[in-house]
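**Q** File work-v2.csv below, CSV, C-alpha atoms:
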chain,number,residue,atom,x,y,z
J,126,MET,CA,-59.6,19.1,32.1
J,127,THR,CA,-56.2,20.9,32.5
J,128,THR,CA,-55.4,22.7,35.7
J,129,THR,CA,-53.1,25.7,35.4
J,130,TYR,CA,-51.1,26.8,38.4
J,131,ILE,CA,-50.0,30.5,38.4
J,132,ILE,CA,-47.2,31.4,40.6
J,133,THR,CA,-47.7,35.0,41.8
J,134,ASP,CA,-44.8,37.3,42.8
J,135,ASN,CA,-45.9,39.3,45.8
J,136,VAL,CA,-42.6,40.8,46.6
J,137,PRO,CA,-42.8,44.6,46.6
J,138,ALA,CA,-40.8,46.5,44.1
J,139,GLN,CA,-39.0,48.6,46.8
J,140,GLN,CA,-38.0,45.4,48.5
J,141,LYS,CA,-36.5,44.0,45.3
J,142,THR,CA,-34.6,47.3,44.7
J,143,LEU,CA,-33.2,47.2,48.3
J,144,GLY,CA,-32.0,43.6,47.7
J,145,ARG,CA,-30.2,44.5,44.5
J,146,VAL,CA,-28.6,47.6,46.1
J,147,ILE,CA,-27.3,45.4,49.0
J,148,ILE,CA,-25.8,42.9,46.6
J,149,PHE,CA,-24.3,45.6,44.4
J,150,ILE,CA,-22.7,47.5,47.2
J,151,ALA,CA,-21.4,44.4,48.9
J,152,THR,CA,-19.9,43.2,45.5
J,153,ILE,CA,-18.2,46.5,44.8
J,154,LEU,CA,-16.7,46.6,48.3
J,155,LEU,CA,-15.4,43.0,48.0
J,156,VAL,CA,-13.9,43.6,44.5
J,157,ALA,CA,-12.3,46.9,45.7
J,158,LEU,CA,-10.8,45.2,48.8
J,159,PHE,CA,-9.5,42.3,46.7
J,160,LEU,CA,-7.9,44.7,44.1
J,161,ILE,CA,-6.4,46.9,46.8
J,162,GLN,CA,-4.8,43.9,48.4
J,163,ILE,CA,-3.3,42.6,45.1
J,164,LEU,CA,-1.9,46.0,44.3
J,165,HIS,CA,-0.5,46.3,47.8
J,166,LYS,CA,1.2,42.9,47.6
J,167,THR,CA,2.7,43.7,44.2
J,168,ASN,CA,4.1,46.9,45.7
J,169,THR,CA,2.1,49.0,43.3
J,170,ILE,CA,0.4,51.0,46.1
J,171,THR,CA,1.2,51.4,49.8
J,172,LEU,CA,-2.4,51.1,51.0
J,173,GLY,CA,-3.3,47.6,52.1
J,174,PHE,CA,-3.1,45.0,54.8
J,175,GLU,CA,-0.3,42.7,56.0
J,176,ASN,CA,-2.2,39.5,55.1
J,177,TRP,CA,-5.3,38.3,53.3
J,178,ARG,CA,-7.4,37.9,56.5
J,179,PRO,CA,-9.4,41.1,55.9
J,180,THR,CA,-10.3,39.9,52.4
J,181,LEU,CA,-11.6,36.7,54.0
J,182,TYR,CA,-13.8,38.7,56.4
J,183,GLY,CA,-15.0,40.7,53.4
J,184,TYR,CA,-15.9,37.6,51.6
J,185,LEU,CA,-17.9,36.3,54.6
J,186,LEU,CA,-19.8,39.6,54.8
J,187,TRP,CA,-20.4,39.5,51.0
J,188,SER,CA,-21.8,36.0,51.4
J,189,ILE,CA,-24.2,37.2,54.1
J,190,ALA,CA,-25.2,40.2,52.0
J,191,LEU,CA,-25.8,38.0,49.0
J,192,CYS,CA,-28.1,35.6,50.9
J,193,TRP,CA,-30.0,38.6,52.4
J,194,GLY,CA,-30.3,40.2,49.0
J,195,ILE,CA,-31.7,37.1,47.4
J,196,LEU,CA,-34.3,36.7,50.2
J,197,LEU,CA,-35.4,40.3,49.6
J,198,ILE,CA,-35.6,39.9,45.8
J,199,LYS,CA,-37.2,36.5,45.6
J,200,GLY,CA,-39.2,36.4,48.8
J,201,ASP,CA,-40.4,32.9,49.7
J,202,ARG,CA,-38.7,31.4,46.6
J,203,GLY,CA,-35.4,32.8,47.9
J,204,GLN,CA,-35.6,30.5,50.9
J,205,ARG,CA,-35.2,27.5,48.6
J,206,ALA,CA,-32.1,29.1,47.0
J,207,LEU,CA,-30.5,29.3,50.4
J,208,PHE,CA,-30.3,25.5,50.7
J,209,VAL,CA,-27.9,25.5,47.7
J,210,LEU,CA,-26.2,28.9,48.0
J,211,PRO,CA,-24.1,28.2,51.2
J,212,ALA,CA,-22.6,25.1,49.5
J,213,PHE,CA,-21.8,27.1,46.4
J,214,LEU,CA,-20.2,29.9,48.5
J,215,PHE,CA,-18.2,27.3,50.4
J,216,THR,CA,-16.9,25.8,47.2
J,217,ILE,CA,-15.8,29.2,46.0
J,218,ALA,CA,-14.0,29.8,49.3
J,219,MET,CA,-12.3,26.3,49.4
J,220,VAL,CA,-11.6,25.7,45.7
J,221,ILE,CA,-11.9,28.8,43.5
J,222,PHE,CA,-10.2,31.3,45.8
J,223,PRO,CA,-7.2,28.9,46.6
J,224,LEU,CA,-6.8,28.4,42.8
J,225,ILE,CA,-6.7,32.2,42.3
J,226,PHE,CA,-4.3,32.6,45.2
J,227,SER,CA,-2.1,29.8,43.8
J,228,VAL,CA,-1.8,31.6,40.5
J,229,TYR,CA,-0.9,34.8,42.4
J,230,ILE,CA,1.9,32.9,44.3
J,231,SER,CA,3.2,31.3,41.1
J,232,LEU,CA,4.0,34.8,39.8
J,233,HIS,CA,6.3,35.6,42.6
J,234,ASP,CA,9.9,34.7,43.5
J,235,TRP,CA,9.2,33.4,47.0
J,236,ASN,CA,11.8,31.3,48.8
J,237,LEU,CA,11.2,30.7,52.5
J,238,SER,CA,14.9,30.4,53.2
J,239,ALA,CA,15.6,33.8,51.7
J,240,PHE,CA,15.4,37.1,53.8
J,241,GLU,CA,13.8,39.1,51.0
J,242,GLY,CA,10.4,37.4,51.2
J,243,GLN,CA,8.2,37.2,48.2
J,244,LYS,CA,8.9,39.4,45.2
J,245,PHE,CA,6.8,39.7,42.0
J,246,ASN,CA,8.6,38.3,39.0
J,247,GLY,CA,5.9,37.7,36.4
J,248,LEU,CA,6.4,34.7,34.2
J,249,ASP,CA,10.0,34.0,35.2
J,250,ASN,CA,9.0,30.9,37.1
J,251,PHE,CA,7.2,29.6,34.0
J,252,ARG,CA,10.2,30.3,31.8
J,253,ALA,CA,12.4,28.4,34.3
J,254,LEU,CA,9.9,25.5,34.2
J,255,LEU,CA,10.1,25.2,30.5
J,256,VAL,CA,13.8,24.3,30.7
J,257,ASP,CA,13.6,22.3,33.9
J,258,GLU,CA,14.7,18.8,32.8
J,259,TYR,CA,13.8,17.2,36.1
J,260,TYR,CA,10.2,18.5,35.8
J,261,TRP,CA,9.7,17.1,32.3
J,262,ASN,CA,11.4,13.9,33.4
J,263,SER,CA,8.8,13.5,36.1
J,264,MET,CA,6.2,14.1,33.4
J,265,LEU,CA,7.6,11.3,31.3
J,266,ASN,CA,7.6,9.0,34.4
J,267,MET,CA,3.9,9.8,34.8
J,268,LEU,CA,3.3,8.5,31.3
J,269,TYR,CA,4.9,5.2,32.2
J,270,TYR,CA,2.8,5.0,35.4
J,271,LEU,CA,-0.4,5.8,33.4
J,272,ILE,CA,0.4,3.0,30.9
J,273,ALA,CA,0.7,0.6,33.8
J,274,ILE,CA,-3.0,1.1,34.5
J,275,LEU,CA,-3.8,-1.1,31.5
J,276,PHE,CA,-2.0,-4.0,33.2
J,277,GLU,CA,-3.7,-3.2,36.5
J,278,TYR,CA,-7.1,-3.2,34.8
J,279,ALA,CA,-6.4,-6.6,33.2
J,280,ILE,CA,-5.4,-8.1,36.6
J,281,ALA,CA,-8.3,-6.5,38.4
J,282,PHE,CA,-10.7,-7.9,35.7
J,283,GLY,CA,-9.3,-11.3,36.1
J,284,LEU,CA,-9.6,-11.3,39.8
J,285,ALA,CA,-13.2,-10.0,39.5
J,286,LEU,CA,-14.1,-12.8,37.2
J,287,LEU,CA,-12.5,-15.3,39.6
J,288,LEU,CA,-14.3,-14.0,42.6
J,289,ASN,CA,-17.6,-13.9,40.7
J,290,ALA,CA,-17.3,-17.6,39.9
J,291,GLN,CA,-18.4,-20.4,42.2
J,292,ILE,CA,-15.1,-21.1,43.9
J,293,VAL,CA,-14.4,-22.5,47.4
J,294,ALA,CA,-14.1,-19.8,50.1
J,295,ARG,CA,-15.2,-17.1,47.7
J,296,LYS,CA,-16.2,-14.6,50.5
J,297,PHE,CA,-12.9,-15.2,52.3
J,298,PHE,CA,-10.9,-14.4,49.2
J,299,ARG,CA,-12.9,-11.3,48.6
J,300,VAL,CA,-12.0,-9.9,52.0
J,301,VAL,CA,-8.3,-11.0,51.6
J,302,PHE,CA,-8.0,-9.2,48.2
J,303,LEU,CA,-9.5,-6.1,49.6
J,304,MET,CA,-7.0,-5.8,52.5
J,305,PRO,CA,-4.4,-3.8,50.5
J,306,LEU,CA,-7.0,-1.1,49.9
J,307,MET,CA,-7.5,-0.7,53.6
J,308,LEU,CA,-3.9,0.3,54.1
J,309,SER,CA,-2.6,3.8,53.4
J,310,PRO,CA,0.1,4.3,50.8
J,311,VAL,CA,2.5,5.3,53.5
J,312,ALA,CA,2.0,2.1,55.4
J,313,VAL,CA,2.5,0.1,52.1
J,314,SER,CA,5.7,2.0,51.4
J,315,TRP,CA,7.1,1.1,54.8
J,316,MET,CA,5.8,-2.5,55.0
J,317,LEU,CA,6.8,-3.5,51.5
J,318,GLY,CA,9.2,-0.9,50.1
J,319,LYS,CA,11.3,-0.4,53.2
J,320,SER,CA,11.0,-3.9,54.8
J,321,LEU,CA,9.9,-6.6,52.5
J,322,MET,CA,12.0,-5.3,49.5
J,323,GLU,CA,15.0,-4.2,51.6
J,324,TYR,CA,18.0,-5.3,49.6
J,325,ARG,CA,20.1,-6.8,52.5
J,326,PHE,CA,17.7,-8.6,54.8
J,327,GLY,CA,14.3,-8.2,53.2
J,328,PRO,CA,12.4,-11.5,52.5
J,329,ALA,CA,11.9,-10.5,48.9
J,330,ALA,CA,15.6,-9.9,48.4
J,331,THR,CA,16.5,-13.2,50.2
J,332,LEU,CA,14.2,-15.1,47.9
J,333,ALA,CA,15.6,-13.4,44.8
J,334,ARG,CA,19.1,-14.4,45.8
J,335,GLN,CA,18.0,-18.0,46.2
J,336,LEU,CA,16.5,-17.8,42.7
J,337,GLY,CA,19.9,-16.6,41.3
J,338,TRP,CA,19.7,-12.8,41.4
J,339,GLU,CA,23.1,-11.9,42.9
J,340,ASN,CA,22.4,-8.3,43.8
J,341,PRO,CA,18.6,-8.0,44.3
J,342,ALA,CA,18.4,-4.2,44.8
J,343,PHE,CA,14.9,-3.3,43.8
J,344,PHE,CA,15.5,0.5,43.8
J,345,SER,CA,19.1,0.8,42.5
J,346,THR,CA,18.7,1.0,38.8
J,347,PRO,CA,16.2,3.3,37.0
J,348,GLU,CA,14.1,0.6,35.2
J,349,ILE,CA,13.9,-1.8,38.2
J,350,ALA,CA,13.1,1.0,40.6
J,351,ARG,CA,10.3,2.4,38.4
J,352,LEU,CA,8.9,-1.1,38.0
J,353,SER,CA,9.0,-1.7,41.8
J,354,ILE,CA,7.1,1.5,42.4
J,355,MET,CA,4.5,0.4,39.9
J,356,ILE,CA,4.1,-2.9,41.6
J,357,LEU,CA,3.7,-1.2,45.0
J,358,ASP,CA,1.2,1.2,43.7
J,359,ALA,CA,-0.7,-1.5,41.8
J,360,TRP,CA,-0.8,-3.8,44.9
J,361,THR,CA,-2.5,-1.0,46.7
J,362,PHE,CA,-5.1,0.0,44.2
J,363,ILE,CA,-5.9,-3.1,42.1
J,364,PRO,CA,-8.4,-4.1,44.8
J,365,PHE,CA,-10.3,-0.8,44.2
J,366,MET,CA,-10.7,-1.6,40.5
J,367,MET,CA,-11.5,-5.2,41.3
J,368,ILE,CA,-14.4,-4.4,43.6
J,369,MET,CA,-15.9,-2.0,41.1
J,370,LEU,CA,-15.7,-4.6,38.3
J,371,LEU,CA,-17.0,-7.3,40.6
J,372,ALA,CA,-20.0,-5.2,41.4
J,373,GLY,CA,-20.6,-4.7,37.7
J,374,LEU,CA,-20.3,-8.4,37.0
J,375,GLN,CA,-22.9,-9.2,39.7
J,376,ALA,CA,-25.3,-6.7,38.2
J,377,LEU,CA,-25.2,-8.3,34.7
J,378,PRO,CA,-28.6,-9.8,33.7
J,379,LYS,CA,-28.6,-13.6,34.2
J,380,GLU,CA,-30.9,-14.0,31.2
J,381,VAL,CA,-28.1,-13.0,28.8
J,382,ASN,CA,-25.7,-15.4,30.3
J,383,GLU,CA,-28.2,-18.3,30.1
J,384,ALA,CA,-29.1,-17.4,26.5
J,385,ALA,CA,-25.4,-17.5,25.5
J,386,LYS,CA,-24.9,-20.9,27.1
J,387,ILE,CA,-28.0,-22.2,25.2
J,388,ASP,CA,-26.5,-20.9,21.9
J,389,GLY,CA,-23.3,-22.9,22.6
J,390,ALA,CA,-20.9,-20.0,23.2
J,391,ASN,CA,-17.6,-21.1,24.8
J,392,ASN,CA,-16.0,-19.2,27.7
J,393,TRP,CA,-13.9,-16.9,25.5
J,394,GLN,CA,-16.8,-16.1,23.2
J,395,HIS,CA,-19.0,-15.5,26.2
J,396,PHE,CA,-16.5,-13.1,27.7
J,397,TRP,CA,-15.5,-11.2,24.5
J,398,LYS,CA,-18.9,-10.9,22.9
J,399,ILE,CA,-21.1,-10.5,26.0
J,400,THR,CA,-19.4,-9.8,29.3
J,401,PHE,CA,-16.8,-7.4,28.2
J,402,PRO,CA,-19.2,-5.1,26.1
J,403,LEU,CA,-21.7,-5.1,28.9
J,404,MET,CA,-19.0,-4.2,31.4
J,405,LEU,CA,-17.7,-1.2,29.3
J,406,PRO,CA,-19.5,1.5,31.4
J,407,VAL,CA,-18.1,0.1,34.6
J,408,SER,CA,-14.7,-0.5,33.1
J,409,VAL,CA,-14.5,3.1,31.9
J,410,THR,CA,-15.6,4.5,35.3
J,411,ALA,CA,-13.1,2.4,37.2
J,412,THR,CA,-10.3,3.3,34.8
J,413,VAL,CA,-11.0,7.0,34.9
J,414,ILE,CA,-11.1,7.0,38.7
J,415,ARG,CA,-7.8,5.0,38.7
J,416,ILE,CA,-6.2,7.6,36.4
J,417,ILE,CA,-7.2,10.3,38.8
J,418,PHE,CA,-5.6,8.4,41.7
J,419,LYS,CA,-2.5,7.7,39.6
J,420,LEU,CA,-2.0,11.4,38.8
J,421,LYS,CA,-1.7,12.1,42.5
J,422,LEU,CA,0.9,9.4,43.1
J,423,ALA,CA,3.4,10.7,45.6
J,424,ASP,CA,3.3,8.9,49.0
J,425,ILE,CA,5.1,5.7,48.0
J,426,VAL,CA,7.7,7.5,45.9
J,427,ILE,CA,8.5,10.0,48.6
J,428,ASN,CA,8.9,7.4,51.4
J,429,VAL,CA,10.7,4.7,49.4
J,430,THR,CA,12.9,6.3,46.8
J,431,SER,CA,12.5,10.1,47.2
J,432,GLY,CA,12.4,10.2,43.4
J,433,GLY,CA,15.7,8.3,42.8
J,434,PRO,CA,17.8,7.0,41.4
J,435,GLY,CA,18.4,10.1,39.4
J,436,GLY,CA,14.8,11.0,39.2
J,437,ALA,CA,13.8,7.7,37.6
J,438,THR,CA,10.8,7.2,39.9
J,439,ASP,CA,9.8,10.8,40.4
J,440,THR,CA,6.2,11.8,39.8
J,441,VAL,CA,5.2,15.4,39.2
J,442,THR,CA,3.5,15.5,42.7
J,443,SER,CA,6.6,14.1,44.5
J,444,PHE,CA,8.9,16.5,42.6
J,445,ILE,CA,6.7,19.4,43.6
J,446,PHE,CA,6.7,18.2,47.2
J,447,ARG,CA,10.5,18.1,47.3
J,448,GLU,CA,10.7,21.6,45.7
J,449,TYR,CA,8.6,22.8,48.7
J,450,ARG,CA,10.3,20.7,51.4
J,451,ASP,CA,14.0,20.6,50.4
J,452,ARG,CA,14.4,23.9,48.5
J,453,SER,CA,11.6,25.9,50.2
J,454,ASN,CA,10.8,27.4,46.8
J,455,VAL,CA,7.2,28.2,47.2
J,456,GLY,CA,6.8,30.4,44.1
J,457,TYR,CA,8.4,28.0,41.7
J,458,GLY,CA,6.7,24.9,43.3
J,459,THR,CA,3.3,26.6,43.0
J,460,MET,CA,4.0,27.4,39.3
J,461,MET,CA,4.7,23.7,38.6
J,462,ALA,CA,1.5,22.7,40.4
J,463,VAL,CA,-0.6,25.2,38.5
J,464,VAL,CA,0.9,24.1,35.1
J,465,TYR,CA,0.3,20.5,36.1
J,466,LEU,CA,-3.3,21.2,37.0
J,467,ILE,CA,-4.0,23.0,33.7
J,468,MET,CA,-2.5,20.0,31.8
J,469,ILE,CA,-4.6,17.6,33.8
J,470,VAL,CA,-7.8,19.5,33.1
J,471,ILE,CA,-7.1,19.8,29.4
J,472,LEU,CA,-6.0,16.2,28.9
J,473,MET,CA,-8.8,14.7,31.1
J,474,THR,CA,-11.4,16.8,29.3
J,475,ALA,CA,-10.2,15.6,25.9
J,476,PHE,CA,-9.9,12.0,27.2
J,477,LEU,CA,-13.5,12.0,28.6
J,478,ASN,CA,-14.8,13.4,25.3
J,479,PHE,CA,-13.0,10.7,23.4
J,480,LEU,CA,-14.4,8.0,25.7
J,481,ASN,CA,-17.9,9.5,25.4
J,482,ARG,CA,-17.8,9.3,21.5
J,483,TRP,CA,-16.2,5.8,21.6
J,484,MET,CA,-18.9,4.5,24.0
J,485,GLN,CA,-21.7,5.9,21.8
J,486,LYS,CA,-20.2,3.9,18.8
J,487,VAL,CA,-19.7,0.6,20.6
J,488,THR,CA,-22.8,0.5,22.7
Can the structure in the file be given as structure tokens, please?
**A**
Amino acid sequence: MTTTYIITDNVPAQQKTLGRVIIFIATILLVALFLIQILHKTNTITLGFENWRPTLYGYLLWSIALCWGILLIKGDRGQRALFVLPAFLFTIAMVIFPLIFSVYISLHDWNLSAFEGQKFNGLDNFRALLVDEYYWNSMLNMLYYLIAILFEYAIAFGLALLLNAQIVARKFFRVVFLMPLMLSPVAVSWMLGKSLMEYRFGPAATLARQLGWENPAFFSTPEIARLSIMILDAWTFIPFMMIMLLAGLQALPKEVNEAAKIDGANNWQHFWKITFPLMLPVSVTATVIRIIFKLKLADIVINVTSGGPGGATDTVTSFIFREYRDRSNVGYGTMMAVVYLIMIVILMTAFLNFLNRWMQKVT
């Protein structure tokens, strides 16, 4: 016997109409307020406000009107929507609107050290970016830093395998290897970059002299400086990949490992034919998250080298930071950030699609 449940809608038609009218009027007022403020800021019209605060208040009122309207339209079912709607509206306020505002700023010539204030200049910032050698140099450096993730992954996988084996003081070493992850990149840059690797009195420099390196300056030449930044960043975040891979190794079915031993597989065959394929989902997840962290690399570079020597260690994020801090060029710096964000979204989407197709083939 099949029981059919019929959900009845007892909301009066007049109440639904009132809800739609409230949402429509509130939306029209918010859009009008937003457009008026944009036209005022671009000096198209004189009507407007000195800042964007009234637009924020308008958005808050629109949010309240939207929630009220949904309750009137859907009745009791609208109450369930209110559990999700505030989070959605908060995301718009904290993510979508700042992105739109960033695009707006990027279309202006706005230097905080100038007396003229912000002035609309269209795509001039974008044209300047296309011929900015330092920006594209930092983009090339990011490619080097991303390639270094392959070596970080190999080291992290090796450490995970080691800590998953039956070794003496295994729990102690797990805690020790996780300690770099507990430090902030700023602390790492001062403890290691500024102290341990200091070329005159640093312990690393002293040891390098004893080993035959006459002038152990870790941040003087482009290649060595870039490699040193890679080592500092890797020392900080390899434990993150290691702990994810270790968790994946501990979740592997023991029956498969026992069957491989019975079949006579040696250690290399066991790793390459069984462990590594089974660990692919965890490996891909750890690598993608590490790429996201790497794309934001800035703290260590800013504190240790400030992008030098000659921009050899610059990342896009650190270069944008200096554009804001040293040159006070808000409009151009925001344009660089917007272009960088668009490139990240496109490349990461393509990369994830490629990984998805590749995973379907190999698993």
**Q** List every residue of stretch 251-322 of chain J that has an atom at most 10 Å from any atom of stretch 464-475 of chain J, and for each one report the closest atom pair and its distance in Å to one decimal, counting all atoms listed in the file, with rows sorted by chain and then by increasing residue number, as a tab-separated table.
**A**
residue	atom	partner	partner_atom	distance
J:Phe251	CA	J:Val464	CA	8.4
J:Leu254	CA	J:Val464	CA	9.2
J:Met264	CA	J:Tyr465	CA	9.1
**Q** What's the separation between atom CA of J:Met367 and atom CA of J:Val301, in Å to one decimal place?
**A**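 Atom-to-atom, atom CA of J:Met367 to atom CA of J:Val301, that is 12.2 Å.
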**Q** Check which residues of stretch 253-352 of chain J sit at most 10 Å from stretch 372-387 of chain J using only C-alpha atoms, and return one row each with the closest pair of atoms and their distance in Å to one decimal, ordered by chain and rising number, as a Markdown table.
**A**
| residue | atom | partner | partner_atom | distance |
| --- | --- | --- | --- | --- |
| J:Phe282 | CA | J:Leu374 | CA | 9.7 |
| J:Ala285 | CA | J:Leu374 | CA | 7.7 |
| J:Leu286 | CA | J:Leu374 | CA | 7.6 |
| J:Leu288 | CA | J:Leu374 | CA | 9.9 |
| J:Asn289 | CA | J:Gln375 | CA | 7.2 |
**Q** Using only C-alpha atoms, what table do you get, as a Markdown table, when you list each residue of stretch 386-441 of chain J with an atom no more than 9 Å from stretch 346-363 of chain J, its nearest pair of atoms, and their distance in Å rounded to one decimal, rows by chain then rising number?
**A**
| residue | atom | partner | partner_atom | distance |
| --- | --- | --- | --- | --- |
| J:Arg415 | CA | J:Phe362 | CA | 7.9 |
| J:Phe418 | CA | J:Phe362 | CA | 8.8 |
| J:Lys419 | CA | J:Asp358 | CA | 8.5 |
| J:Leu422 | CA | J:Asp358 | CA | 8.2 |
| J:Ile425 | CA | J:Ile354 | CA | 7.3 |
| J:Val426 | CA | J:Ile354 | CA | 7.0 |
| J:Val429 | CA | J:Ile354 | CA | 8.5 |
| J:Thr430 | CA | J:Ala350 | CA | 8.2 |
| J:Gly433 | CA | J:Pro347 | CA | 7.7 |
| J:Pro434 | CA | J:Pro347 | CA | 6.0 |
| J:Gly435 | CA | J:Pro347 | CA | 7.5 |
| J:Gly436 | CA | J:Pro347 | CA | 8.1 |
| J:Ala437 | CA | J:Pro347 | CA | 5.0 |
| J:Thr438 | CA | J:Arg351 | CA | 5.1 |
| J:Asp439 | CA | J:Arg351 | CA | 8.6 |
**Q** What is the distance, in Å and to one decimal place, between atom CA of J:Val293 and atom CA of J:Ser408?
**A**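 According to the coordinates, atom CA of J:Val293 and atom CA of J:Ser408 are separated by 26.2 Å.
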**Q** For atom CA of J:Arg295 and atom CA of J:Phe396, quote the distance in Å rounded to one decimal.
**A** 20.4 Å
**Q** So that I can check the surroundings of J:Ser443, please list as a VMD selection string every protein, DNA and RNA residue that reaches within 6 Å of it, counting only C-alpha atoms and ignoring chain neighbours fewer than 3 positions away.
**A** chain J and resid 423 440 446
**Q** Name the closest residue to J:Pro406 among the candidates J:Ser309, J:Asn481, J:Thr167, J:Thr459; distances are taken between atoms, counting only C-alpha atoms.
**A**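 For J:Pro406, the nearest of the candidates is J:Asn481.
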**Q** Nearest to J:Ala290: which of J:Leu371, J:Ile163, J:Leu268, J:Met404 is it, counting only C-alpha atoms?
**A**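 Going through J:Leu371, J:Ile163, J:Leu268, J:Met404 one by one, the smallest distance to J:Ala290 is for J:Leu371.
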**Q** For J:Lys486, find every residue with an atom within 12 Å (counting all atoms listed in the file), except residues of its own chain fewer than 5 positions away, and show them as a ChimeraX atom specification.
**A** /J:402,405,479-481
**Q** Might you pull out every residue within 8 Å of J:Gln243, with all atoms listed in the file counted and same-chain residues fewer than 3 positions away left off, and present them as an NGL selection string?
**A** :J and (233-236)
**Q** Please determine, counting only C-alpha atoms, which residue among J:Tyr457, J:Leu224, J:Thr180, J:Trp393 has the shortest atom-to-atom distance to J:Phe245.
**A**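 Of all the options, J:Tyr457 lies closest to J:Phe245.
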**Q** Within 6 Å of (-32.9, 44.4, 51.1), only C-alpha atoms: residues as an NGL selection string?
**A** :J and (140 or 143-144 or 194 or 197)
**Q** I'd like to know which of J:Leu158, J:Leu237, J:Leu181, J:Pro211 is closest to J:Asn454, using all atoms listed in the file.
**A** J:Leu237
**Q** Could you list, as an MDAnalysis selection string, every residue within 12 Å of J:Ser238, counting all atoms listed in the file and ignoring same-chain residues fewer than 5 positions away?
**A** chainID J and resid 243 449:455
**Q** Find the residues near stretch 319-335 of chain J: any atom within 10 Å, counting all atoms listed in the file, skip ones fewer than 6 places away on the same chain, and give them as a list in words.
**A**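 The residues that qualify are Ala312, Val313, Pro341, Ala342, Phe343, Phe344, Ser345, Ser353, Asn428, Val429 and Thr430 of chain J.
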